[in-house]
$ cat final.pdb   # PDB, C-alpha atoms
ATOM      1  CA  MET A   1     -39.789  45.120 -14.418
ATOM      2  CA  ARG A   2     -42.057  47.222 -16.607
ATOM      3  CA  ALA A   3     -42.183  51.028 -16.405
ATOM      4  CA  LEU A   4     -43.427  53.931 -18.501
ATOM      5  CA  LEU A   5     -41.928  57.416 -18.432
ATOM      6  CA  PHE A   6     -44.373  60.023 -19.691
ATOM      7  CA  THR A   7     -45.477  63.629 -19.526
ATOM      8  CA  THR A   8     -48.899  64.127 -17.994
ATOM      9  CA  GLY A   9     -50.575  65.934 -20.871
ATOM     10  CA  SER A  10     -49.089  64.005 -23.800
ATOM     11  CA  PRO A  11     -51.734  62.426 -26.070
ATOM     12  CA  PHE A  12     -49.101  59.990 -27.351
ATOM     13  CA  ALA A  13     -48.448  58.788 -23.797
ATOM     14  CA  ARG A  14     -52.167  58.609 -23.065
ATOM     15  CA  ALA A  15     -52.601  56.231 -26.004
ATOM     16  CA  VAL A  16     -49.794  53.999 -24.713
ATOM     17  CA  ARG A  17     -51.293  53.916 -21.211
ATOM     18  CA  ILE A  18     -54.673  52.981 -22.665
ATOM     19  CA  VAL A  19     -53.116  50.067 -24.553
ATOM     20  CA  LEU A  20     -51.298  48.903 -21.411
ATOM     21  CA  ASP A  21     -54.639  48.877 -19.580
ATOM     22  CA  GLU A  22     -56.371  47.135 -22.484
ATOM     23  CA  LEU A  23     -53.779  44.366 -22.252
ATOM     24  CA  GLY A  24     -54.130  44.163 -18.476
ATOM     25  CA  LEU A  25     -50.440  44.902 -17.911
ATOM     26  CA  ASP A  26     -49.119  46.319 -14.654
ATOM     27  CA  TYR A  27     -46.396  48.946 -14.880
ATOM     28  CA  GLU A  28     -44.634  51.599 -12.848
ATOM     29  CA  ARG A  29     -45.836  55.091 -13.737
ATOM     30  CA  ARG A  30     -42.897  57.494 -14.020
ATOM     31  CA  GLU A  31     -44.931  60.618 -14.576
ATOM     32  CA  GLU A  32     -43.396  64.021 -15.283
ATOM     33  CA  ILE A  33     -45.509  67.112 -14.653
ATOM     34  CA  THR A  34     -42.706  69.493 -15.615
ATOM     35  CA  THR A  35     -40.212  69.109 -18.451
ATOM     36  CA  PRO A  36     -36.733  68.034 -17.242
ATOM     37  CA  SER A  37     -33.410  69.197 -18.591
ATOM     38  CA  ALA A  38     -32.137  67.847 -21.900
ATOM     39  CA  GLU A  39     -29.468  65.885 -20.024
ATOM     40  CA  ASP A  40     -32.030  64.187 -17.772
ATOM     41  CA  ARG A  41     -34.315  63.370 -20.690
ATOM     42  CA  ALA A  42     -31.394  62.021 -22.758
ATOM     43  CA  ALA A  43     -30.819  59.415 -20.060
ATOM     44  CA  ALA A  44     -34.138  57.861 -21.113
ATOM     45  CA  THR A  45     -34.232  58.510 -24.855
ATOM     46  CA  PRO A  46     -31.936  60.092 -27.468
ATOM     47  CA  THR A  47     -34.938  61.846 -29.039
ATOM     48  CA  LEU A  48     -35.500  63.861 -25.826
ATOM     49  CA  GLN A  49     -39.180  62.915 -26.100
ATOM     50  CA  VAL A  50     -41.411  60.623 -24.115
ATOM     51  CA  PRO A  51     -43.064  58.163 -23.620
ATOM     52  CA  THR A  52     -40.307  55.664 -22.989
ATOM     53  CA  LEU A  53     -41.114  52.070 -22.026
ATOM     54  CA  TRP A  54     -38.888  49.684 -20.099
ATOM     55  CA  ASP A  55     -39.915  46.031 -20.274
ATOM     56  CA  ASN A  56     -37.308  43.969 -18.453
ATOM     57  CA  ASP A  57     -34.086  44.426 -20.463
ATOM     58  CA  LEU A  58     -35.778  46.157 -23.408
ATOM     59  CA  THR A  59     -36.044  49.945 -23.696
ATOM     60  CA  LEU A  60     -38.331  51.457 -26.330
ATOM     61  CA  TRP A  61     -39.342  54.995 -27.270
ATOM     62  CA  GLU A  62     -41.724  56.501 -29.855
ATOM     63  CA  SER A  63     -45.340  55.766 -29.013
ATOM     64  CA  GLY A  64     -46.199  53.847 -32.192
ATOM     65  CA  THR A  65     -43.183  51.574 -31.791
ATOM     66  CA  ILE A  66     -44.100  50.948 -28.152
ATOM     67  CA  VAL A  67     -47.687  50.000 -28.984
ATOM     68  CA  GLU A  68     -46.651  47.803 -31.910
ATOM     69  CA  TYR A  69     -44.324  45.965 -29.524
ATOM     70  CA  LEU A  70     -47.026  45.569 -26.867
ATOM     71  CA  LEU A  71     -49.556  44.191 -29.337
ATOM     72  CA  SER A  72     -47.104  41.698 -30.806
ATOM     73  CA  THR A  73     -45.787  40.557 -27.412
ATOM     74  CA  TYR A  74     -48.888  40.394 -25.195
ATOM     75  CA  ARG A  75     -51.664  39.297 -27.528
ATOM     76  CA  LYS A  76     -53.161  36.702 -25.147
ATOM     77  CA  SER A  77     -53.926  38.973 -22.199
ATOM     78  CA  GLN A  78     -56.564  41.240 -23.742
ATOM     79  CA  VAL A  79     -59.553  42.561 -21.806
ATOM     80  CA  GLY A  80     -62.652  44.458 -22.888
ATOM     81  CA  GLU A  81     -65.383  44.103 -25.502
ATOM     82  CA  PRO A  82     -64.947  44.491 -28.388
ATOM     83  CA  PRO A  83     -61.423  43.188 -27.858
ATOM     84  CA  LEU A  84     -58.219  44.995 -28.600
ATOM     85  CA  THR A  85     -56.770  43.986 -31.940
ATOM     86  CA  ALA A  86     -53.934  41.473 -32.016
ATOM     87  CA  HIS A  87     -52.344  43.318 -34.944
ATOM     88  CA  ALA A  88     -50.979  46.828 -35.178
ATOM     89  CA  PHE A  89     -51.212  46.329 -38.920
ATOM     90  CA  ARG A  90     -53.360  43.531 -40.348
ATOM     91  CA  PRO A  91     -51.468  41.149 -42.658
ATOM     92  CA  ASP A  92     -54.158  41.485 -45.336
ATOM     93  CA  ALA A  93     -54.358  45.293 -45.047
ATOM     94  CA  GLU A  94     -50.859  46.200 -43.921
ATOM     95  CA  TRP A  95     -50.270  49.297 -46.012
ATOM     96  CA  LYS A  96     -53.779  50.623 -45.534
ATOM     97  CA  ASP A  97     -53.372  50.333 -41.763
ATOM     98  CA  LYS A  98     -49.871  51.834 -41.816
ATOM     99  CA  LEU A  99     -51.020  54.793 -43.898
ATOM    100  CA  ALA A 100     -53.956  55.457 -41.570
ATOM    101  CA  PHE A 101     -51.704  55.293 -38.528
ATOM    102  CA  SER A 102     -48.977  57.542 -39.928
ATOM    103  CA  THR A 103     -51.646  60.072 -40.930
ATOM    104  CA  ILE A 104     -53.114  59.988 -37.422
ATOM    105  CA  GLN A 105     -49.649  60.552 -35.950
ATOM    106  CA  THR A 106     -49.168  63.498 -38.306
ATOM    107  CA  PHE A 107     -52.368  64.940 -36.814
ATOM    108  CA  GLY A 108     -50.929  64.437 -33.326
ATOM    109  CA  ASN A 109     -47.599  66.016 -34.224
ATOM    110  CA  ALA A 110     -49.300  69.077 -35.729
ATOM    111  CA  ALA A 111     -51.578  69.429 -32.704
ATOM    112  CA  THR A 112     -48.777  69.203 -30.154
ATOM    113  CA  PHE A 113     -46.639  71.646 -32.155
ATOM    114  CA  ILE A 114     -49.485  74.170 -32.051
ATOM    115  CA  SER A 115     -49.827  73.559 -28.331
ATOM    116  CA  GLN A 116     -46.119  74.049 -27.670
ATOM    117  CA  MET A 117     -46.052  77.287 -29.637
ATOM    118  CA  THR A 118     -49.152  78.511 -27.798
ATOM    119  CA  TRP A 119     -47.269  78.069 -24.496
ATOM    120  CA  THR A 120     -44.629  80.504 -25.770
ATOM    121  CA  GLY A 121     -47.244  83.124 -26.579
ATOM    122  CA  VAL A 122     -47.474  82.538 -30.348
ATOM    123  CA  ALA A 123     -51.123  81.929 -31.282
ATOM    124  CA  VAL A 124     -52.382  80.217 -34.423
ATOM    125  CA  GLY A 125     -53.529  83.513 -35.892
ATOM    126  CA  ASP A 126     -50.082  85.051 -35.408
ATOM    127  CA  ASN A 127     -48.066  82.647 -37.517
ATOM    128  CA  ALA A 128     -48.512  81.323 -41.063
ATOM    129  CA  HIS A 129     -46.977  77.943 -40.270
ATOM    130  CA  LEU A 130     -49.286  77.457 -37.301
ATOM    131  CA  GLN A 131     -52.250  78.381 -39.480
ATOM    132  CA  ARG A 132     -51.213  75.730 -42.001
ATOM    133  CA  SER A 133     -50.807  73.220 -39.157
ATOM    134  CA  ALA A 134     -54.353  73.997 -37.987
ATOM    135  CA  GLU A 135     -55.655  73.562 -41.546
ATOM    136  CA  LYS A 136     -53.852  70.233 -41.679
ATOM    137  CA  LEU A 137     -55.948  68.975 -38.766
ATOM    138  CA  THR A 138     -59.275  69.380 -40.553
ATOM    139  CA  HIS A 139     -57.966  68.008 -43.850
ATOM    140  CA  ILE A 140     -56.707  64.912 -42.039
ATOM    141  CA  LEU A 141     -60.034  64.442 -40.256
ATOM    142  CA  GLY A 142     -61.828  64.589 -43.588
ATOM    143  CA  TRP A 143     -59.598  61.915 -45.074
ATOM    144  CA  LEU A 144     -59.861  59.683 -42.002
ATOM    145  CA  GLU A 145     -63.656  60.009 -42.082
ATOM    146  CA  SER A 146     -63.578  58.652 -45.626
ATOM    147  CA  GLN A 147     -61.548  55.643 -44.476
ATOM    148  CA  LEU A 148     -64.130  54.526 -41.927
ATOM    149  CA  VAL A 149     -66.506  52.273 -43.832
ATOM    150  CA  HIS A 150     -69.308  52.323 -41.236
ATOM    151  CA  SER A 151     -70.289  54.571 -38.341
ATOM    152  CA  GLU A 152     -70.498  51.643 -35.913
ATOM    153  CA  ILE A 153     -66.939  50.352 -36.327
ATOM    154  CA  GLY A 154     -63.413  51.711 -36.262
ATOM    155  CA  PHE A 155     -60.395  51.172 -38.475
ATOM    156  CA  GLN A 156     -60.308  47.402 -37.878
ATOM    157  CA  PRO A 157     -63.777  45.778 -37.945
ATOM    158  CA  GLU A 158     -64.764  43.891 -34.773
ATOM    159  CA  PHE A 159     -61.752  45.191 -32.833
ATOM    160  CA  VAL A 160     -60.469  48.281 -31.080
ATOM    161  CA  SER A 161     -57.367  49.209 -33.045
ATOM    162  CA  MET A 162     -54.207  51.176 -32.433
ATOM    163  CA  GLN A 163     -55.501  53.628 -35.030
ATOM    164  CA  ASP A 164     -58.738  54.150 -33.078
ATOM    165  CA  ILE A 165     -56.924  54.747 -29.811
ATOM    166  CA  PHE A 166     -54.377  57.243 -31.110
ATOM    167  CA  LEU A 167     -56.987  59.178 -33.085
ATOM    168  CA  ALA A 168     -59.148  59.515 -29.983
ATOM    169  CA  ALA A 169     -56.183  60.606 -27.852
ATOM    170  CA  HIS A 170     -55.120  63.274 -30.338
ATOM    171  CA  VAL A 171     -58.573  64.683 -31.062
ATOM    172  CA  ARG A 172     -59.552  64.877 -27.392
ATOM    173  CA  PHE A 173     -56.193  66.555 -26.686
ATOM    174  CA  VAL A 174     -57.046  69.367 -29.097
ATOM    175  CA  GLU A 175     -60.560  69.720 -27.688
ATOM    176  CA  ALA A 176     -59.322  69.886 -24.083
ATOM    177  CA  ARG A 177     -56.652  72.530 -24.555
ATOM    178  CA  PRO A 178     -57.061  76.311 -24.953
ATOM    179  CA  LEU A 179     -55.622  76.436 -28.476
ATOM    180  CA  GLY A 180     -58.311  78.496 -30.207
ATOM    181  CA  ILE A 181     -59.039  75.635 -32.611
ATOM    182  CA  ASP A 182     -62.523  74.356 -33.411
ATOM    183  CA  LEU A 183     -62.204  71.014 -35.182
ATOM    184  CA  GLY A 184     -65.872  71.060 -36.199
ATOM    185  CA  LEU A 185     -66.151  67.441 -35.138
ATOM    186  CA  GLU A 186     -69.880  67.452 -35.853
ATOM    187  CA  ARG A 187     -68.972  67.341 -39.552
ATOM    188  CA  TYR A 188     -67.348  63.934 -39.097
ATOM    189  CA  GLU A 189     -70.171  61.636 -38.028
ATOM    190  CA  LYS A 190     -68.253  58.363 -38.121
ATOM    191  CA  ILE A 191     -65.277  59.738 -36.205
ATOM    192  CA  SER A 192     -67.564  61.380 -33.653
ATOM    193  CA  ARG A 193     -69.427  58.156 -32.982
ATOM    194  CA  LEU A 194     -66.211  56.176 -32.731
ATOM    195  CA  LEU A 195     -64.731  58.600 -30.215
ATOM    196  CA  SER A 196     -67.920  58.706 -28.144
ATOM    197  CA  ARG A 197     -67.880  54.927 -27.843
ATOM    198  CA  LEU A 198     -64.227  54.893 -26.862
ATOM    199  CA  ASP A 199     -64.757  57.601 -24.236
ATOM    200  CA  GLU A 200     -66.949  55.142 -22.314
ATOM    201  CA  ARG A 201     -64.423  52.313 -22.367
ATOM    202  CA  ASP A 202     -62.813  51.500 -19.008
ATOM    203  CA  SER A 203     -59.273  52.051 -20.274
ATOM    204  CA  PHE A 204     -60.168  55.551 -21.495
ATOM    205  CA  VAL A 205     -61.974  56.481 -18.295
ATOM    206  CA  ALA A 206     -58.961  55.312 -16.272
ATOM    207  CA  ASN A 207     -56.671  57.583 -18.303
ATOM    208  CA  PRO A 208     -58.430  60.959 -18.436
ATOM    209  CA  ILE A 209     -57.631  63.813 -20.775
ATOM    210  CA  TRP A 210     -55.346  66.217 -18.924
ATOM    211  CA  TRP A 211     -53.516  69.157 -20.368
ATOM    212  CA  TRP A 212     -50.323  70.810 -19.295
ATOM    213  CA  GLU A 213     -48.565  74.104 -19.791
ATOM    214  CA  PRO A 214     -45.751  75.850 -17.929
ATOM    215  CA  GLY A 215     -46.683  76.587 -14.335
ATOM    216  CA  VAL A 216     -48.914  73.539 -13.797
ATOM    217  CA  VAL A 217     -47.858  71.690 -10.653
ATOM    218  CA  GLY A 218     -50.741  69.261 -10.180
ATOM    219  CA  TYR A 219     -54.347  68.407 -10.940
ATOM    220  CA  GLN A 220     -57.679  68.426  -9.189
ATOM    221  CA  PRO A 221     -59.638  65.118  -9.166
ATOM    222  CA  ASP A 222     -61.586  66.154 -12.283
ATOM    223  CA  GLY A 223     -58.369  66.882 -14.178
ATOM    224  CA  THR A 224     -58.438  70.677 -13.789
ATOM    225  CA  PRO A 225     -54.809  71.881 -13.704
ATOM    226  CA  VAL A 226     -53.420  73.529 -10.573
ATOM    227  CA  PHE A 227     -50.959  76.347 -11.232
ATOM    228  CA  LYS A 228     -48.005  77.382  -9.107
ATOM    229  CA  ASP A 229     -48.812  80.440  -7.004
TER     230      ASP A 229
END

$ encode --input "final.pdb" --output "structure tokens"
Amino acid sequence: MRALLFTTGSPFARAVRIVLDELGLDYERREEITTPSAEDRAAATPTLQVPTLWDNDLTLWESGTIVEYLLSTYRKSQVGEPPLTAHAFRPDAEWKDKLAFSTIQTFGNAATFISQMTWTGVAVGDNAHLQRSAEKLTHILGWLESQLVHSEIGFQPEFVSMQDIFLAAHVRFVEARPLGIDLGLERYEKISRLLSRLDERDSFVANPIWWWEPGVVGYQPDGTPVFKD
């Protein structure tokens, strides 16, 4: 039995779903549109965060850990061209890959924090910490742009990497939500080209960019949220 518990709008969960599709793995979708109680969430993970993956007797949480497990366990069932990498972190570039990934996850954490605060009515311009979080996004993009050696490849040459997928999920999350943030993506040519290529990949198309905020009870076919009357 394989199942994934996730919140509809989470960019971290979107990245995990994309990897599951890239590997051609079937799974039960346990999708939450609204946030459950702490007690209900604690039954799945002590961090009270999702996604959570069940794979037979194994339970995993934290999106990076889940994807690292999937890549190391299901390397032979990859689909797509260029193929998905067989390594979360390449043996000959382990620390470079780990640093890139942790920086990308920092971007995602800052973005989702801004989003969560926006739901409560606190805008970026109203709070110094949120302003610093927004500044963090552009500084991270600048550094990541410098790490891409060529505009036609991602973080692991000849492969689609975990780093590519999570970066795309996080950046498109920010662009799709009403956060009042302009990332100025046109300034980052290599990142922009990478994300445009990934947008056309079957696994990305099958897992569209949806956003959520309190009051959303469903989605129209194009991903437009439907609010409770």

$ residues_around --input "final.pdb" --residues "Phe101 in chain A" --least-positions-apart "5" --cutoff "10 Å" --atoms "only C-alpha atoms" --output "list of chain:residue names"
A:Gly64, A:Ala88, A:Phe89, A:Trp95, A:Lys96, A:Thr106, A:Phe107, A:Leu144, A:Phe155, A:Ser161, A:Met162, A:Gln163, A:Asp164, A:Phe166, A:Leu167

$ atom_distance --input "final.pdb" --atom1 "CA of Glu200 in chain A" --atom2 "CA of Asp182 in chain A"
22.6 Å

$ closest_residue --input "final.pdb" --among "A:Phe113, A:Arg17, A:Trp210, A:Ala44" --to "Glu175 in chain A" --atoms "only C-alpha atoms"
A:Trp210

$ resolve_selection --input "final.pdb" --expression "the PyMOL selection byres ((chain A and resi 58-62) around 10)" --output "PyMOL selection string"
chain A and resi 1-5+12-13+16+44-57+63-67+69

$ write_last_selection --input "final.pdb" --atoms "C-alpha atoms" --output "compact mmCIF listing (two decimals), keeping the file's coordinate frame"
# COMPACT_ATOMS: atom_id res chain seq x y z
CA MET A 1 -39.79 45.12 -14.42
CA ARG A 2 -42.06 47.22 -16.61
CA ALA A 3 -42.18 51.03 -16.40
CA LEU A 4 -43.43 53.93 -18.50
CA LEU A 5 -41.93 57.42 -18.43
CA PHE A 12 -49.10 59.99 -27.35
CA ALA A 13 -48.45 58.79 -23.80
CA VAL A 16 -49.79 54.00 -24.71
CA ALA A 44 -34.14 57.86 -21.11
CA THR A 45 -34.23 58.51 -24.86
CA PRO A 46 -31.94 60.09 -27.47
CA THR A 47 -34.94 61.85 -29.04
CA LEU A 48 -35.50 63.86 -25.83
CA GLN A 49 -39.18 62.92 -26.10
CA VAL A 50 -41.41 60.62 -24.12
CA PRO A 51 -43.06 58.16 -23.62
CA THR A 52 -40.31 55.66 -22.99
CA LEU A 53 -41.11 52.07 -22.03
CA TRP A 54 -38.89 49.68 -20.10
CA ASP A 55 -39.92 46.03 -20.27
CA ASN A 56 -37.31 43.97 -18.45
CA ASP A 57 -34.09 44.43 -20.46
CA SER A 63 -45.34 55.77 -29.01
CA GLY A 64 -46.20 53.85 -32.19
CA THR A 65 -43.18 51.57 -31.79
CA ILE A 66 -44.10 50.95 -28.15
CA VAL A 67 -47.69 50.00 -28.98
CA TYR A 69 -44.32 45.96 -29.52

$ closest_residue --input "final.pdb" --among "A:Phe6, A:Lys190, A:Phe227, A:Ala111" --to "Phe173 in chain A" --atoms "only C-alpha atoms"
A:Ala111

$ closest_residue --input "final.pdb" --among "A:Leu185, A:Ala206, A:Val174, A:Leu141" --to "Asp21 in chain A" --atoms "only C-alpha atoms"
A:Ala206

$ resolve_selection --input "final.pdb" --expression "the PyMOL selection byres ((chain A and resi 22) around 10)" --output "PyMOL selection string"
chain A and resi 16-21+23-25+77-81+83-85+160+201-204

$ closest_residue --input "final.pdb" --among "A:Val226, A:Ala134, A:Ile153, A:Leu179" --to "Thr118 in chain A" --atoms "all atoms listed in the file"
A:Leu179

$ closest_residue --input "final.pdb" --among "A:Leu137, A:Pro178, A:His150, A:Gln156" --to "His87 in chain A" --atoms "only C-alpha atoms"
A:Gln156

$ atom_distance --input "final.pdb" --atom1 "CA of Phe159 in chain A" --atom2 "CA of Ala15 in chain A"
15.9 Å

$ atom_distance --input "final.pdb" --atom1 "CA of Pro82 in chain A" --atom2 "CA of Ala176 in chain A"
26.4 Å

$ closest_residue --input "final.pdb" --among "A:Arg90, A:His129, A:His170, A:Lys136" --to "Gly108 in chain A" --atoms "all atoms listed in the file"
A:His170

$ residues_around --input "final.pdb" --residues "Leu130 in chain A" --least-positions-apart "5" --cutoff "12 Å" --atoms "all atoms listed in the file" --output "MDAnalysis selection string"
chainID A and resid 109:118 122:125 135:137 179:181

$ build_atoms --input "final.pdb" --residues "range 129-164 of chain A" --atoms "N, CA and C atoms" --output "compact mmCIF listing (two decimals), in the coordinates of the input"
# COMPACT_ATOMS: atom_id res chain seq x y z
N HIS A 129 -47.21 79.38 -40.38
CA HIS A 129 -46.98 77.94 -40.27
C HIS A 129 -47.97 77.30 -39.31
N LEU A 130 -48.29 77.98 -38.23
CA LEU A 130 -49.29 77.46 -37.30
C LEU A 130 -50.66 77.40 -37.96
N GLN A 131 -50.97 78.40 -38.76
CA GLN A 131 -52.25 78.38 -39.48
C GLN A 131 -52.32 77.18 -40.42
N ARG A 132 -51.23 76.89 -41.13
CA ARG A 132 -51.21 75.73 -42.00
C ARG A 132 -51.32 74.43 -41.19
N SER A 133 -50.69 74.39 -40.02
CA SER A 133 -50.81 73.22 -39.16
C SER A 133 -52.25 73.01 -38.71
N ALA A 134 -52.95 74.10 -38.38
CA ALA A 134 -54.35 74.00 -37.99
C ALA A 134 -55.21 73.52 -39.16
N GLU A 135 -54.93 74.02 -40.36
CA GLU A 135 -55.66 73.56 -41.55
C GLU A 135 -55.41 72.08 -41.79
N LYS A 136 -54.20 71.63 -41.50
CA LYS A 136 -53.85 70.23 -41.68
C LYS A 136 -54.77 69.33 -40.84
N LEU A 137 -55.11 69.79 -39.64
CA LEU A 137 -55.95 68.97 -38.77
C LEU A 137 -57.29 68.64 -39.41
N THR A 138 -57.95 69.64 -39.98
CA THR A 138 -59.28 69.38 -40.55
C THR A 138 -59.18 68.58 -41.85
N HIS A 139 -58.14 68.80 -42.63
CA HIS A 139 -57.97 68.01 -43.85
C HIS A 139 -57.73 66.53 -43.50
N ILE A 140 -56.95 66.29 -42.46
CA ILE A 140 -56.71 64.91 -42.04
C ILE A 140 -58.00 64.27 -41.53
N LEU A 141 -58.77 65.00 -40.74
CA LEU A 141 -60.03 64.44 -40.26
C LEU A 141 -60.95 64.07 -41.42
N GLY A 142 -61.00 64.90 -42.44
CA GLY A 142 -61.83 64.59 -43.59
C GLY A 142 -61.39 63.32 -44.28
N TRP A 143 -60.10 63.13 -44.43
CA TRP A 143 -59.60 61.92 -45.07
C TRP A 143 -59.86 60.69 -44.20
N LEU A 144 -59.62 60.81 -42.90
CA LEU A 144 -59.86 59.68 -42.00
C LEU A 144 -61.34 59.30 -41.98
N GLU A 145 -62.22 60.29 -42.03
CA GLU A 145 -63.66 60.01 -42.08
C GLU A 145 -63.98 59.15 -43.29
N SER A 146 -63.32 59.42 -44.41
CA SER A 146 -63.58 58.65 -45.63
C SER A 146 -63.06 57.22 -45.53
N GLN A 147 -62.12 56.98 -44.62
CA GLN A 147 -61.55 55.64 -44.48
C GLN A 147 -62.37 54.74 -43.57
N LEU A 148 -63.26 55.32 -42.79
CA LEU A 148 -64.13 54.53 -41.93
C LEU A 148 -65.34 54.08 -42.74
N VAL A 149 -65.49 52.78 -42.91
CA VAL A 149 -66.51 52.27 -43.83
C VAL A 149 -67.90 52.30 -43.23
N HIS A 150 -68.00 52.38 -41.89
CA HIS A 150 -69.31 52.32 -41.24
C HIS A 150 -69.23 53.08 -39.92
N SER A 151 -70.30 53.74 -39.54
CA SER A 151 -70.29 54.57 -38.34
C SER A 151 -70.24 53.76 -37.05
N GLU A 152 -70.46 52.46 -37.12
CA GLU A 152 -70.50 51.64 -35.91
C GLU A 152 -69.19 50.91 -35.66
N ILE A 153 -68.20 51.05 -36.52
CA ILE A 153 -66.94 50.35 -36.33
C ILE A 153 -65.79 51.33 -36.50
N GLY A 154 -64.59 50.89 -36.12
CA GLY A 154 -63.41 51.71 -36.26
C GLY A 154 -62.59 51.30 -37.47
N PHE A 155 -61.27 51.43 -37.34
CA PHE A 155 -60.40 51.17 -38.48
C PHE A 155 -60.14 49.69 -38.71
N GLN A 156 -60.41 48.85 -37.70
CA GLN A 156 -60.31 47.40 -37.88
C GLN A 156 -61.62 46.79 -37.40
N PRO A 157 -62.46 46.31 -38.32
CA PRO A 157 -63.78 45.78 -37.94
C PRO A 157 -63.68 44.72 -36.85
N GLU A 158 -64.61 44.83 -35.88
CA GLU A 158 -64.76 43.89 -34.77
C GLU A 158 -63.69 44.02 -33.69
N PHE A 159 -62.80 45.00 -33.83
CA PHE A 159 -61.75 45.19 -32.83
C PHE A 159 -61.58 46.67 -32.52
N VAL A 160 -60.99 46.95 -31.36
CA VAL A 160 -60.47 48.28 -31.08
C VAL A 160 -59.03 48.29 -31.55
N SER A 161 -58.68 49.22 -32.42
CA SER A 161 -57.37 49.21 -33.04
C SER A 161 -56.46 50.29 -32.47
N MET A 162 -55.18 50.14 -32.77
CA MET A 162 -54.21 51.18 -32.43
C MET A 162 -54.58 52.50 -33.10
N GLN A 163 -55.09 52.42 -34.31
CA GLN A 163 -55.50 53.63 -35.03
C GLN A 163 -56.64 54.34 -34.29
N ASP A 164 -57.62 53.57 -33.83
CA ASP A 164 -58.74 54.15 -33.08
C ASP A 164 -58.24 54.89 -31.84
